[in-house]
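**Student:** Structure supplied as my_file-v3.cif; contents: mmCIF, N, CA and C atoms.
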```cif
data_query
#
loop_
_atom_site.label_atom_id
_atom_site.label_comp_id
_atom_site.auth_asym_id
_atom_site.auth_seq_id
_atom_site.Cartn_x
_atom_site.Cartn_y
_atom_site.Cartn_z
N MET A 1 0.85 -1.18 0.00
CA MET A 1 0.00 0.00 0.00
C MET A 1 0.89 1.24 0.00
N THR A 2 0.59 2.18 -0.88
CA THR A 2 1.31 3.44 -0.90
C THR A 2 0.42 4.56 -0.38
N CYS A 3 1.03 5.54 0.25
CA CYS A 3 0.28 6.66 0.81
C CYS A 3 0.94 7.95 0.35
N GLN A 4 0.13 8.86 -0.15
CA GLN A 4 0.63 10.16 -0.58
C GLN A 4 -0.31 11.23 -0.03
N ILE A 5 0.26 12.37 0.32
CA ILE A 5 -0.55 13.50 0.78
C ILE A 5 -0.26 14.68 -0.14
N LEU A 6 -1.32 15.25 -0.69
CA LEU A 6 -1.22 16.48 -1.47
C LEU A 6 -1.69 17.63 -0.61
N ILE A 7 -0.94 18.72 -0.60
CA ILE A 7 -1.35 19.92 0.13
C ILE A 7 -2.08 20.81 -0.86
N LYS A 8 -3.33 21.16 -0.53
CA LYS A 8 -4.15 21.97 -1.42
C LYS A 8 -4.69 23.17 -0.66
N ASN A 9 -5.01 24.22 -1.42
CA ASN A 9 -5.66 25.37 -0.79
C ASN A 9 -7.16 25.07 -0.72
N PRO A 10 -7.94 25.92 -0.03
CA PRO A 10 -9.37 25.64 0.12
C PRO A 10 -10.14 25.56 -1.21
N ASP A 11 -9.56 26.09 -2.30
CA ASP A 11 -10.20 25.99 -3.60
C ASP A 11 -9.88 24.68 -4.31
N GLY A 12 -9.07 23.83 -3.68
CA GLY A 12 -8.73 22.54 -4.27
C GLY A 12 -7.52 22.57 -5.19
N GLU A 13 -6.83 23.72 -5.25
CA GLU A 13 -5.63 23.82 -6.08
C GLU A 13 -4.45 23.16 -5.36
N THR A 14 -3.77 22.25 -6.06
CA THR A 14 -2.63 21.56 -5.46
C THR A 14 -1.44 22.52 -5.34
N LEU A 15 -0.93 22.65 -4.12
CA LEU A 15 0.20 23.52 -3.84
C LEU A 15 1.50 22.72 -3.80
N ALA A 16 1.44 21.51 -3.26
CA ALA A 16 2.64 20.69 -3.13
C ALA A 16 2.23 19.25 -2.82
N ALA A 17 3.17 18.35 -3.04
CA ALA A 17 2.97 16.95 -2.70
C ALA A 17 3.96 16.56 -1.62
N CYS A 18 3.57 15.66 -0.77
CA CYS A 18 4.45 15.13 0.27
C CYS A 18 4.76 13.68 -0.09
N PRO A 19 5.79 13.46 -0.91
CA PRO A 19 6.08 12.10 -1.35
C PRO A 19 6.80 11.25 -0.31
N TYR A 20 7.36 11.88 0.72
CA TYR A 20 8.15 11.14 1.71
C TYR A 20 7.42 11.05 3.03
N ILE A 21 6.25 10.50 3.01
CA ILE A 21 5.44 10.44 4.21
C ILE A 21 5.96 9.32 5.12
N VAL A 22 6.09 9.64 6.40
CA VAL A 22 6.54 8.66 7.37
C VAL A 22 5.42 8.39 8.35
N ASN A 23 5.04 7.16 8.47
CA ASN A 23 4.06 6.71 9.46
C ASN A 23 2.80 7.57 9.56
N PRO A 24 2.01 7.65 8.50
CA PRO A 24 0.75 8.40 8.65
C PRO A 24 -0.14 7.70 9.67
N ILE A 25 -0.67 8.45 10.61
CA ILE A 25 -1.52 7.89 11.66
C ILE A 25 -2.89 8.54 11.58
N TYR A 26 -3.92 7.72 11.40
CA TYR A 26 -5.28 8.21 11.33
C TYR A 26 -5.96 8.00 12.67
N SER A 27 -6.79 8.95 13.07
CA SER A 27 -7.52 8.84 14.32
C SER A 27 -8.97 9.22 14.06
N ARG A 28 -9.86 8.30 14.37
CA ARG A 28 -11.29 8.56 14.20
C ARG A 28 -12.02 8.12 15.47
N SER A 29 -12.88 8.98 15.95
CA SER A 29 -13.68 8.67 17.12
C SER A 29 -15.09 9.18 16.89
N VAL A 30 -16.05 8.56 17.52
CA VAL A 30 -17.44 9.00 17.41
C VAL A 30 -17.55 10.40 17.99
N ASN A 31 -18.26 11.28 17.30
CA ASN A 31 -18.51 12.66 17.72
C ASN A 31 -17.24 13.51 17.82
N ARG A 32 -16.17 13.09 17.15
CA ARG A 32 -14.95 13.89 17.12
C ARG A 32 -14.47 13.99 15.68
N LEU A 33 -13.77 15.07 15.39
CA LEU A 33 -13.23 15.25 14.05
C LEU A 33 -12.13 14.21 13.79
N ALA A 34 -12.06 13.75 12.57
CA ALA A 34 -10.97 12.85 12.18
C ALA A 34 -9.68 13.63 12.15
N GLN A 35 -8.57 12.96 12.47
CA GLN A 35 -7.26 13.59 12.48
C GLN A 35 -6.25 12.71 11.77
N ILE A 36 -5.21 13.34 11.26
CA ILE A 36 -4.08 12.61 10.71
C ILE A 36 -2.80 13.29 11.19
N THR A 37 -1.82 12.48 11.52
CA THR A 37 -0.51 12.97 11.90
C THR A 37 0.49 12.35 10.93
N PHE A 38 1.36 13.18 10.37
CA PHE A 38 2.37 12.65 9.46
C PHE A 38 3.63 13.49 9.57
N THR A 39 4.72 12.93 9.11
CA THR A 39 6.02 13.58 9.20
C THR A 39 6.62 13.72 7.81
N ILE A 40 7.20 14.88 7.54
CA ILE A 40 7.93 15.08 6.28
C ILE A 40 9.28 15.71 6.61
N PRO A 41 10.26 15.57 5.73
CA PRO A 41 11.56 16.18 5.98
C PRO A 41 11.43 17.71 6.09
N SER A 42 12.23 18.31 6.96
CA SER A 42 12.13 19.75 7.17
C SER A 42 12.47 20.55 5.93
N ASP A 43 13.28 19.97 5.04
CA ASP A 43 13.65 20.70 3.83
C ASP A 43 12.70 20.43 2.66
N SER A 44 11.58 19.76 2.94
CA SER A 44 10.61 19.47 1.89
C SER A 44 9.96 20.76 1.40
N TYR A 45 9.79 20.86 0.10
CA TYR A 45 9.12 22.01 -0.51
C TYR A 45 7.71 22.18 0.07
N ALA A 46 7.07 21.06 0.40
CA ALA A 46 5.69 21.10 0.90
C ALA A 46 5.57 21.76 2.26
N ALA A 47 6.66 21.80 3.04
CA ALA A 47 6.59 22.31 4.40
C ALA A 47 6.04 23.73 4.48
N GLN A 48 6.35 24.57 3.49
CA GLN A 48 5.89 25.96 3.52
C GLN A 48 4.37 26.09 3.38
N PHE A 49 3.71 25.04 2.91
CA PHE A 49 2.27 25.10 2.68
C PHE A 49 1.46 24.42 3.80
N LEU A 50 2.13 23.96 4.84
CA LEU A 50 1.43 23.29 5.94
C LEU A 50 0.84 24.33 6.89
N THR A 51 -0.05 25.14 6.37
CA THR A 51 -0.65 26.23 7.13
C THR A 51 -2.17 26.22 6.96
N TYR A 52 -2.87 26.66 7.99
CA TYR A 52 -4.33 26.80 7.92
C TYR A 52 -4.66 27.99 7.05
N PRO A 53 -5.65 27.95 6.17
CA PRO A 53 -6.67 26.92 6.03
C PRO A 53 -6.40 25.90 4.93
N ASN A 54 -5.13 25.67 4.60
CA ASN A 54 -4.84 24.67 3.58
C ASN A 54 -5.27 23.29 4.06
N GLU A 55 -5.29 22.35 3.14
CA GLU A 55 -5.80 21.02 3.43
C GLU A 55 -4.79 19.95 3.03
N ALA A 56 -4.85 18.82 3.72
CA ALA A 56 -4.05 17.65 3.37
C ALA A 56 -5.01 16.62 2.76
N TRP A 57 -4.81 16.32 1.49
CA TRP A 57 -5.63 15.33 0.78
C TRP A 57 -4.87 14.02 0.80
N VAL A 58 -5.43 13.00 1.42
CA VAL A 58 -4.74 11.73 1.62
C VAL A 58 -5.18 10.71 0.57
N TYR A 59 -4.18 10.16 -0.11
CA TYR A 59 -4.42 9.14 -1.13
C TYR A 59 -3.75 7.84 -0.71
N GLN A 60 -4.47 6.74 -0.87
CA GLN A 60 -3.89 5.42 -0.65
C GLN A 60 -4.06 4.64 -1.94
N ASP A 61 -2.94 4.12 -2.44
CA ASP A 61 -2.94 3.39 -3.71
C ASP A 61 -3.63 4.18 -4.81
N GLY A 62 -3.38 5.51 -4.82
CA GLY A 62 -3.91 6.37 -5.87
C GLY A 62 -5.36 6.80 -5.70
N LYS A 63 -6.02 6.37 -4.63
CA LYS A 63 -7.43 6.70 -4.41
C LYS A 63 -7.56 7.68 -3.24
N LEU A 64 -8.32 8.77 -3.44
CA LEU A 64 -8.55 9.74 -2.38
C LEU A 64 -9.35 9.07 -1.27
N VAL A 65 -8.81 9.10 -0.04
CA VAL A 65 -9.50 8.45 1.07
C VAL A 65 -10.00 9.44 2.13
N ASP A 66 -9.41 10.65 2.17
CA ASP A 66 -9.87 11.62 3.16
C ASP A 66 -9.24 12.98 2.91
N ILE A 67 -9.85 14.01 3.47
CA ILE A 67 -9.36 15.39 3.38
C ILE A 67 -9.34 15.96 4.79
N PHE A 68 -8.21 16.56 5.17
CA PHE A 68 -8.06 17.12 6.51
C PHE A 68 -7.65 18.58 6.42
N LYS A 69 -8.21 19.41 7.28
CA LYS A 69 -7.76 20.80 7.41
C LYS A 69 -6.45 20.79 8.19
N ILE A 70 -5.48 21.58 7.75
CA ILE A 70 -4.22 21.70 8.47
C ILE A 70 -4.41 22.71 9.58
N THR A 71 -4.32 22.24 10.82
CA THR A 71 -4.55 23.12 11.96
C THR A 71 -3.34 23.24 12.88
N GLU A 72 -2.37 22.33 12.74
CA GLU A 72 -1.22 22.38 13.64
C GLU A 72 0.00 21.80 12.93
N VAL A 73 1.13 22.46 13.11
CA VAL A 73 2.40 21.99 12.57
C VAL A 73 3.40 21.99 13.71
N GLN A 74 4.03 20.84 13.94
CA GLN A 74 5.05 20.74 14.98
C GLN A 74 6.39 20.51 14.30
N LYS A 75 7.37 21.30 14.66
CA LYS A 75 8.71 21.14 14.11
C LYS A 75 9.58 20.46 15.13
N SER A 76 10.38 19.51 14.67
CA SER A 76 11.26 18.81 15.60
C SER A 76 12.67 18.77 15.02
N GLY A 77 13.62 18.51 15.86
CA GLY A 77 15.01 18.42 15.42
C GLY A 77 15.64 19.79 15.30
N GLY A 78 16.87 19.82 14.76
CA GLY A 78 17.64 21.04 14.63
C GLY A 78 17.14 21.89 13.57
#
```
Hey, can you dump this file as structure tokens for me?

**Tutor:**
Amino acid sequence: MTCQILIKNPDGETLAACPYIVNPIYSRSVNRLAQITFTIPSDSYAAQFLTYPNEAWVYQDGKLVDIFKITEVQKSGG
């Protein structure tokens, strides 16, 4: 299974792709918003677009499986 995340603006225009996704984690609970956590290299072109109200469009094996609003970005490392 392959996983890709495209970063899009609210109009659906693709701004960047995150081809190096590490451990995408999906979280779904009743009466709560779905969430996804993923990691990309700090020097990735896509990093500059990880801002609200942009969206992360998640594809598995080439099929769109979910759309998430980008609400938080955590930077780690040097």

**Student:** Excluding stretch 50-63 of chain A and any residue of its chain fewer than 2 positions from it, enumerate the residues within 8 Å of it, using only C-alpha atoms, and give them as a ChimeraX atom specification.

**Tutor:** /A:1-10,46-48,65-73

**Student:** Just the number, please: distance in Å from atom CA of A:Phe49 to atom C of A:Val30, one decimal.

**Tutor:**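 Separating atom CA of A:Phe49 from atom C of A:Val30 is a distance of 29.0 Å.
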
**Student:** To one decimal in Å, tell me the separation between atom N of A:Cys18 and atom N of A:Pro41.

**Tutor:**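 So the answer is 9.3 Å.
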
**Student:** What is the atom CA of A:Ala34 to atom CA of A:Gln74 distance in Å?

**Tutor:** 18.1 Å

**Student:** Taking only chain A into account, list the residues labelled strand (DSSP E) by DSSP (computed from the backbone), as a PyMOL selection string.

**Tutor:** chain A and resi 3-8+14-18+22-27+35-39+55-60+63-69

**Student:** Pull the neighbourhood of (2.9, 15.0, 12.8) for me: all residues within 8 Å in file coordinates, counting only N, CA and C atoms, as a JSON list (two decimals) with N, CA and C atoms, keeping the file's coordinate frame.

**Tutor:**
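That gives us part14.json:
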```json
[["chain", "number", "residue", "atom", "x", "y", "z"],
["A", 25, "ILE", "N", -0.67, 8.45, 10.61],
["A", 25, "ILE", "CA", -1.52, 7.89, 11.66],
["A", 25, "ILE", "C", -2.89, 8.54, 11.58],
["A", 36, "ILE", "N", -5.21, 13.34, 11.26],
["A", 36, "ILE", "CA", -4.08, 12.61, 10.71],
["A", 36, "ILE", "C", -2.80, 13.29, 11.19],
["A", 37, "THR", "N", -1.82, 12.48, 11.52],
["A", 37, "THR", "CA", -0.51, 12.97, 11.90],
["A", 37, "THR", "C", 0.49, 12.35, 10.93],
["A", 38, "PHE", "N", 1.36, 13.18, 10.37],
["A", 38, "PHE", "CA", 2.37, 12.65, 9.46],
["A", 38, "PHE", "C", 3.63, 13.49, 9.57],
["A", 39, "THR", "N", 4.72, 12.93, 9.11],
["A", 39, "THR", "CA", 6.02, 13.58, 9.20],
["A", 39, "THR", "C", 6.62, 13.72, 7.81],
["A", 40, "ILE", "N", 7.20, 14.88, 7.54],
["A", 40, "ILE", "CA", 7.93, 15.08, 6.28],
["A", 40, "ILE", "C", 9.28, 15.71, 6.61],
["A", 72, "GLU", "N", -2.37, 22.33, 12.74],
["A", 72, "GLU", "CA", -1.22, 22.38, 13.64],
["A", 72, "GLU", "C", 0.00, 21.80, 12.93],
["A", 73, "VAL", "N", 1.13, 22.46, 13.11],
["A", 73, "VAL", "CA", 2.40, 21.99, 12.57],
["A", 73, "VAL", "C", 3.40, 21.99, 13.71],
["A", 74, "GLN", "N", 4.03, 20.84, 13.94],
["A", 74, "GLN", "CA", 5.05, 20.74, 14.98],
["A", 74, "GLN", "C", 6.39, 20.51, 14.30],
["A", 75, "LYS", "N", 7.37, 21.30, 14.66],
["A", 75, "LYS", "CA", 8.71, 21.14, 14.11],
["A", 75, "LYS", "C", 9.58, 20.46, 15.13]]
```

**Student:** Put the listed atoms of stretch 35-50 of chain A in a box along x, y and z with 8 Å added on every side and give me the centre and edge lengths in Å to one decimal, as JSON.

**Tutor:**
```
{"center_x": 2.5, "center_y": 19.2, "center_z": 6.0, "size_x": 38.2, "size_y": 29.7, "size_z": 29.0}
```

**Student:** Please give the complete set of residues from stretch 7-76 of chain A that DSSP, run on the backbone, assigns to helix (DSSP H, G or I), formatted as a list in words.

**Tutor:** Tyr45, Ala46, Ala47, Gln48 and Phe49 of chain A
